[in-house]
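See below for the structure under consideration.
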Amino acid sequence: STFDVAVVGAGIVGLASARELVRRHPSLAFAVLEKEKELAHHQSGHNSGVIHSGIYYKPGSLKAKLCVQGAALCYEYCDQKGIPYKQCGKLIVAVEQDEIPRLKALYERGLQNNVRGLKLIGAKEIQAKEPFCRGLMALDSPYTGIVNYKQVAQSYAEDFQEAGGTILTDFEVTNMEMAKENSSESEDGLKYPVIVRNSKGEEIYCRHIVTCAGLYSDRLSEISGCSPEPRIVPFRGDYLVLKPEKCYMVKGNIYPVPNPRFPFLGFHFTPRMDGSVWLGPNAVLAFKREGYKLFDFSTGDFLDAVMYSGLWKLVLRNLSYGLSEMYRACFLSAQVKQLQKFIPEVTVNDVLRGPSGVRAQALDSDGNLVDDFVFDGGSGDIGSRILHVRNAPSPAATSSLAIAEMIADEVKRRFEL
């Protein structure tokens with residue numbers, strides 16, 4: 001029950017980071033602590049499965065840098081491990097004239113981010129690639145792919161355990177505190193001075209902690225005495241799925257041109273490794289942090305969200321967009337109308353309600369979505385022994401191996417491993 005470093009959270013980022021740490025420091029003891037009975041149970045197991053190429057993100061940002069690096073590492077890792085993937089490409093399609101300048105700007109941004117193989121194509125080339133898709137112009141990203149990220153995360157876990165790491169499931173961290181020194185200890189003090197306690201009263205002792213807690217990253221930060229900002233506000237995304245006999249209409253990923261006035265990306269078509277096609281998602285406030293169903297509700301999570309001033313500032317700035325998203329969440333025909341802009345042949349009879357995911361969106365007190373990855377620690381005895389991964393939404397799964405390298409560098413620098 002003693003470890004040099006404990007990683008809290010067995011999602012894809014936590015497992016990738018633990019794997020990288022044990023590879024770099026094989027003589028040290030590492031543990032991954034996970035509150036669920038299985039690994040990659042939440043965001044890592046409820047995402048669209050896209051290997052992003054790095055087009056959207058602000059040049060020079062961590063998202064841009066780590067996504068491009070991470071995509072290359074992801075493909076390389078899957079090849080090494082025999083994990084199946086499809087490099088099926090992506091079209092970002094302009095369906096209105098006023099979207100074309102934004103599409104061209106996106107192309108320039110992708111070039112700045114060193115995204116491979118990008119090109120702008122016209123209506124005929126769109127139809128050559130996606131026979132059922134209509135558009136005026138598209139940005140073709142052939143390097144975009146799909147994979148089952150839960151399978152990737154499981155493989156990271158196997159690598160970690162084979163290298164000597166320990167994974168403790170059903171271990172929900174509820175408390176972190178410094179152990180009290182006693183006279184029997186050496187004059188150097190306790191070797192493992194941090195006690196991590198779970199909801200059942202079980203304890204482990206460690207020297208340092210890395211938290212990769214996704215939807216609970218702000219709460220774990222508070223438990224450790226670090227800053228609660230940025231706060232996590234959960235947004236549920238509901239997908240539709242094409243009926244199996246209609247999946248022939250979509251070959252690769254088809255995305256809209258993002259509108260900078262709105263906080264989320266918009267509806268898209270996403271093929272899956274199992275041959276199905278997901279459509280969506282929408283984005284509505286979730287009333288439970290891990291609430292994947294429409295009526296899932298947690299009083300604590302709901303109050304946490306609605307009592308945060310940053311949420312109200314976001315809502316008031318995007319009121320019409322938010323109401324539209326809620327309307328589309330309730331009415332299938334409203335979602336299909338969005339999809340018909342790209343594939344006119346899709347009808348309400350061609351789709352079924354599909355799975356949902358919950359995005360751990362970091363939000364600051366001014367109501368701004370925190371766009372980039374955020375990594376920080378704290379002060380004081382415990383704070384100085386912790387590295388918090390505070391904000392790692394999409395493309396964190398794509399970027400997981402690159403994020404892990406950065407976290408391992410930061411752990412070495414902060415904790416002098």
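We label chains A, B, ... in the order they appear in the structure tokens, count residues from 1 in each chain, and number ligands from 1 in the order shown.
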
Problem set entry | Non-local contacts of A:Asp371 (9 Å; only C-alpha atoms; under 4 positions in same chain excluded) as a PyMOL selection string | chain A and resi 57+63+361-363+391+393

Write the residues of the preceding selection, restricted to C-alpha atoms, as a PDB file, in the first residue's frame.
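Listed below is the output, result34.pdb:
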ATOM      1  CA  TYR A  57      -7.061  24.449 -32.337  1.00  0.00           C
ATOM      2  CA  LYS A  63      -4.272  21.375 -27.899  1.00  0.00           C
ATOM      3  CA  GLN A 361     -16.156  21.214 -19.722  1.00  0.00           C
ATOM      4  CA  ALA A 362     -13.978  23.554 -17.696  1.00  0.00           C
ATOM      5  CA  LEU A 363     -15.561  26.982 -17.243  1.00  0.00           C
ATOM      6  CA  ASN A 391      -9.023  20.346 -18.284  1.00  0.00           C
ATOM      7  CA  PRO A 393     -11.615  17.462 -23.138  1.00  0.00           C
TER       8      PRO A 393
END

For this session: Identify all residues of stretch 178-244 of chain A in helix (DSSP H, G or I) (DSSP on the backbone) and supply them as a PyMOL selection string.
Result: chain A and resi 214-223+244

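Among the candidates A:Ala163, A:Tyr75, A:Gly225, A:Leu387, the one nearest to A:Val22 when counting only C-alpha atoms is A:Ala163.
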
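Comparing the minimum interatomic distances between A:Val7 and each of A:Asn282, A:Ser394, A:Thr166, A:Ser199, counting only C-alpha atoms, we find that A:Thr166 sits nearest.
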
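Among A:Arg19, A:Lys293, A:His42, A:Arg328, the residue with the shortest atom-to-atom distance to A:Gly165, counting only C-alpha atoms, is A:Arg19.
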
For this session: Just the residues within 7 Å of A:Val147, please, counting only C-alpha atoms, with nothing from its chain fewer than 2 positions along; format it as a ChimeraX atom specification.
Result: /A:49-51,84-86,145,149,273

For this session: Show which residues sit within 9 Å of stretch 135-142 of chain A, as a ChimeraX atom specification. Count only C-alpha atoms, and ignore same-chain residues fewer than 6 positions away.
Result: /A:53,55,87-97,100,103-104,106-107,115-127,257,341-342

For this session: Please provide the set of residues having any atom within 12 Å of stretch 299-314 of chain A, restricted to only C-alpha atoms, with same-chain residues fewer than 6 positions apart removed, written as a ChimeraX atom specification.
Result: /A:215-216,218-219,228-235,261-263,285-291,320-322,360-370

Take the residues just selected and output them with N, CA, C and O atoms as a short mmCIF file (atom, residue, chain, number, x, y, z; two decimals), in the first residue's frame.
data_model
loop_
_atom_site.label_atom_id
_atom_site.label_comp_id
_atom_site.auth_asym_id
_atom_site.auth_seq_id
_atom_site.Cartn_x
_atom_site.Cartn_y
_atom_site.Cartn_z
N LEU A 215 -14.42 14.44 -15.10
CA LEU A 215 -15.61 15.11 -14.58
C LEU A 215 -15.50 15.50 -13.12
O LEU A 215 -16.29 16.31 -12.62
N TYR A 216 -14.54 14.95 -12.41
CA TYR A 216 -14.38 15.28 -10.98
C TYR A 216 -13.06 16.00 -10.71
O TYR A 216 -12.63 16.09 -9.56
N ASP A 218 -12.23 19.15 -10.67
CA ASP A 218 -12.30 20.31 -9.78
C ASP A 218 -12.53 19.90 -8.34
O ASP A 218 -11.98 20.48 -7.41
N ARG A 219 -13.33 18.86 -8.13
CA ARG A 219 -13.61 18.41 -6.76
C ARG A 219 -12.37 17.78 -6.12
O ARG A 219 -12.11 18.00 -4.93
N PRO A 228 -10.30 25.62 -6.72
CA PRO A 228 -11.45 25.00 -7.38
C PRO A 228 -11.63 25.48 -8.82
O PRO A 228 -12.46 24.95 -9.55
N GLU A 229 -10.90 26.51 -9.22
CA GLU A 229 -11.01 27.05 -10.58
C GLU A 229 -9.97 26.40 -11.49
O GLU A 229 -8.83 26.19 -11.06
N PRO A 230 -10.29 26.12 -12.77
CA PRO A 230 -11.61 26.28 -13.38
C PRO A 230 -12.58 25.21 -12.92
O PRO A 230 -12.17 24.09 -12.59
N ARG A 231 -13.87 25.56 -12.89
CA ARG A 231 -14.90 24.62 -12.46
C ARG A 231 -15.32 23.73 -13.63
O ARG A 231 -15.28 24.15 -14.78
N ILE A 232 -15.73 22.53 -13.30
CA ILE A 232 -16.24 21.62 -14.32
C ILE A 232 -17.76 21.72 -14.37
O ILE A 232 -18.44 21.57 -13.36
N VAL A 233 -18.27 22.00 -15.56
CA VAL A 233 -19.71 21.99 -15.81
C VAL A 233 -19.98 20.89 -16.83
O VAL A 233 -19.40 20.91 -17.92
N PRO A 234 -20.81 19.91 -16.50
CA PRO A 234 -21.01 18.77 -17.40
C PRO A 234 -22.02 19.08 -18.50
O PRO A 234 -23.11 19.60 -18.23
N PHE A 235 -21.67 18.77 -19.74
CA PHE A 235 -22.59 18.89 -20.87
C PHE A 235 -22.80 17.51 -21.48
O PHE A 235 -21.82 16.82 -21.82
N ARG A 261 -19.32 31.90 -33.08
CA ARG A 261 -20.28 32.52 -32.14
C ARG A 261 -20.85 31.52 -31.16
O ARG A 261 -21.40 31.91 -30.13
N PHE A 262 -20.75 30.24 -31.48
CA PHE A 262 -21.34 29.21 -30.62
C PHE A 262 -20.25 28.37 -29.97
O PHE A 262 -19.20 28.13 -30.57
N PRO A 263 -20.52 27.89 -28.76
CA PRO A 263 -19.44 27.24 -28.00
C PRO A 263 -19.10 25.82 -28.43
O PRO A 263 -18.03 25.33 -28.09
N LEU A 285 -26.91 20.99 -20.99
CA LEU A 285 -26.42 20.89 -19.62
C LEU A 285 -26.87 19.57 -19.02
O LEU A 285 -28.05 19.20 -19.08
N ALA A 286 -25.94 18.81 -18.45
CA ALA A 286 -26.27 17.55 -17.78
C ALA A 286 -26.58 17.84 -16.31
O ALA A 286 -25.86 18.59 -15.66
N PHE A 287 -27.64 17.25 -15.80
CA PHE A 287 -28.03 17.46 -14.41
C PHE A 287 -27.37 16.45 -13.46
O PHE A 287 -27.69 16.38 -12.29
N LYS A 288 -26.45 15.67 -14.03
CA LYS A 288 -25.65 14.74 -13.24
C LYS A 288 -24.31 14.59 -13.96
O LYS A 288 -24.29 14.48 -15.19
N ARG A 289 -23.22 14.60 -13.22
CA ARG A 289 -21.91 14.60 -13.87
C ARG A 289 -21.67 13.33 -14.69
O ARG A 289 -20.95 13.36 -15.67
N GLU A 290 -22.23 12.24 -14.26
CA GLU A 290 -22.09 11.00 -15.03
C GLU A 290 -23.47 10.52 -15.45
O GLU A 290 -23.77 9.33 -15.42
N GLY A 291 -24.31 11.47 -15.85
CA GLY A 291 -25.69 11.16 -16.21
C GLY A 291 -25.84 11.02 -17.71
O GLY A 291 -25.90 12.01 -18.44
N SER A 320 -30.14 31.74 -27.13
CA SER A 320 -30.89 31.17 -28.26
C SER A 320 -30.29 29.85 -28.71
O SER A 320 -31.00 28.90 -29.04
N TYR A 321 -28.95 29.78 -28.69
CA TYR A 321 -28.27 28.53 -29.06
C TYR A 321 -28.64 27.41 -28.08
O TYR A 321 -28.96 26.29 -28.48
N GLY A 322 -28.62 27.74 -26.78
CA GLY A 322 -28.94 26.75 -25.75
C GLY A 322 -30.37 26.24 -25.87
O GLY A 322 -30.63 25.03 -25.73
N ALA A 360 -16.65 16.83 -19.77
CA ALA A 360 -16.20 17.59 -18.60
C ALA A 360 -15.67 18.93 -19.09
O ALA A 360 -14.49 19.07 -19.40
N GLN A 361 -16.56 19.91 -19.19
CA GLN A 361 -16.16 21.21 -19.72
C GLN A 361 -15.71 22.15 -18.61
O GLN A 361 -16.47 22.45 -17.70
N ALA A 362 -14.47 22.58 -18.67
CA ALA A 362 -13.98 23.55 -17.70
C ALA A 362 -14.48 24.95 -18.07
O ALA A 362 -14.48 25.35 -19.23
N LEU A 363 -14.94 25.67 -17.05
CA LEU A 363 -15.56 26.98 -17.24
C LEU A 363 -14.98 27.94 -16.22
O LEU A 363 -14.89 27.60 -15.03
N ASP A 364 -14.58 29.13 -16.67
CA ASP A 364 -14.06 30.08 -15.68
C ASP A 364 -15.19 30.95 -15.14
O ASP A 364 -16.33 30.89 -15.60
N SER A 365 -14.88 31.79 -14.16
CA SER A 365 -15.91 32.56 -13.46
C SER A 365 -16.52 33.65 -14.34
O SER A 365 -17.56 34.21 -14.01
N ASP A 366 -15.89 33.96 -15.49
CA ASP A 366 -16.46 34.93 -16.42
C ASP A 366 -17.37 34.28 -17.45
O ASP A 366 -17.85 34.95 -18.38
N GLY A 367 -17.56 32.96 -17.32
CA GLY A 367 -18.44 32.27 -18.26
C GLY A 367 -17.76 31.88 -19.55
O GLY A 367 -18.43 31.57 -20.54
N ASN A 368 -16.43 31.84 -19.57
CA ASN A 368 -15.70 31.43 -20.77
C ASN A 368 -15.36 29.95 -20.70
O ASN A 368 -14.90 29.46 -19.66
N LEU A 369 -15.59 29.24 -21.81
CA LEU A 369 -15.13 27.86 -21.88
C LEU A 369 -13.61 27.88 -21.89
O LEU A 369 -13.01 28.61 -22.67
N VAL A 370 -13.01 27.11 -21.01
CA VAL A 370 -11.54 27.04 -20.99
C VAL A 370 -11.15 26.14 -22.14
O VAL A 370 -11.42 24.94 -22.13
#

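Atom CA of A:Val210 sits 8.2 Å away from atom CA of A:Val411.
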
Exercise. Which is closest to A:Val68 among A:Leu111, A:Leu319, A:Val346, A:Val8, if we use only C-alpha atoms?
Worked result: A:Leu111

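Between atom CA of A:Lys37 and atom CA of A:Arg24 there is a distance of 27.5 Å.
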
Problem set entry | Surrounding residues of A:Tyr248 excluding itself and chain neighbours under 3 positions, 12 Å, only C-alpha atoms, as a ChimeraX atom specification | /A:130-133,242-245,251-252,271,275-277,343,345-346,350

May I have the selected residues written with C-alpha atoms, as a PDB file, in the first residue's frame?
ATOM      1  CA  GLU A 130     -18.937  11.147 -50.195  1.00  0.00           C
ATOM      2  CA  PRO A 131     -21.533  10.402 -52.905  1.00  0.00           C
ATOM      3  CA  PHE A 132     -24.521  11.381 -50.733  1.00  0.00           C
ATOM      4  CA  CYS A 133     -23.005  14.574 -49.302  1.00  0.00           C
ATOM      5  CA  LEU A 242     -28.158   5.521 -38.698  1.00  0.00           C
ATOM      6  CA  LYS A 243     -30.149   2.334 -39.142  1.00  0.00           C
ATOM      7  CA  PRO A 244     -27.783  -0.448 -40.314  1.00  0.00           C
ATOM      8  CA  GLU A 245     -29.317  -0.601 -43.782  1.00  0.00           C
ATOM      9  CA  LYS A 251     -17.963   6.644 -45.799  1.00  0.00           C
ATOM     10  CA  GLY A 252     -15.834   8.917 -43.580  1.00  0.00           C
ATOM     11  CA  PRO A 271     -18.452   6.141 -38.732  1.00  0.00           C
ATOM     12  CA  GLY A 275     -19.636  -0.410 -38.914  1.00  0.00           C
ATOM     13  CA  SER A 276     -22.323   1.776 -37.352  1.00  0.00           C
ATOM     14  CA  VAL A 277     -22.601   5.532 -37.978  1.00  0.00           C
ATOM     15  CA  ILE A 343     -27.004  14.529 -46.672  1.00  0.00           C
ATOM     16  CA  GLU A 345     -31.528  11.834 -48.311  1.00  0.00           C
ATOM     17  CA  VAL A 346     -31.480  11.241 -44.512  1.00  0.00           C
ATOM     18  CA  ASP A 350     -33.486   6.367 -41.148  1.00  0.00           C
TER      19      ASP A 350
END

For this session: Would you return as a ChimeraX atom specification the members of stretch 185-309 of chain A that DSSP assigns to strand (DSSP E or B) on this structure's backbone?
Result: /A:194-198,203-211,231-242,253-256,268-271,277-280,284-285

Which residues of stretch 196-287 of chain A come within 12 Å of stretch 403-408 of chain A, and for each one, what is the closest pair of atoms and their distance in Å to one decimal, counting only C-alpha atoms, sorted by chain and residue number, as CSV?
residue,atom,partner,partner_atom,distance
A:Ile209,CA,A:Ile407,CA,11.7
A:Val210,CA,A:Ile407,CA,8.7
A:Thr211,CA,A:Ile407,CA,10.6
A:Cys212,CA,A:Ile407,CA,10.4

Exercise. Quick one: of A:Ala329, A:Ile12, A:Cys226, A:Ala71, who's nearest to A:Gly380, counting only C-alpha atoms?
Worked result: A:Cys226

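Distance-wise, atom CA of A:Arg207 and atom CA of A:Ala6 end up 8.1 Å apart.
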
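Each of A:Val241, A:Ala40, A:Lys200, A:Val152 was checked against A:Leu73 using only C-alpha atoms; the smallest atom-to-atom distance is that of A:Val152.
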
Problem set entry | All residues 12 Å or closer to A:Phe331, only C-alpha atoms, same chain fewer than 6 positions away omitted, as number ranges by chain | A: 238, 240, 282, 324-325, 337-338, 348, 352-353
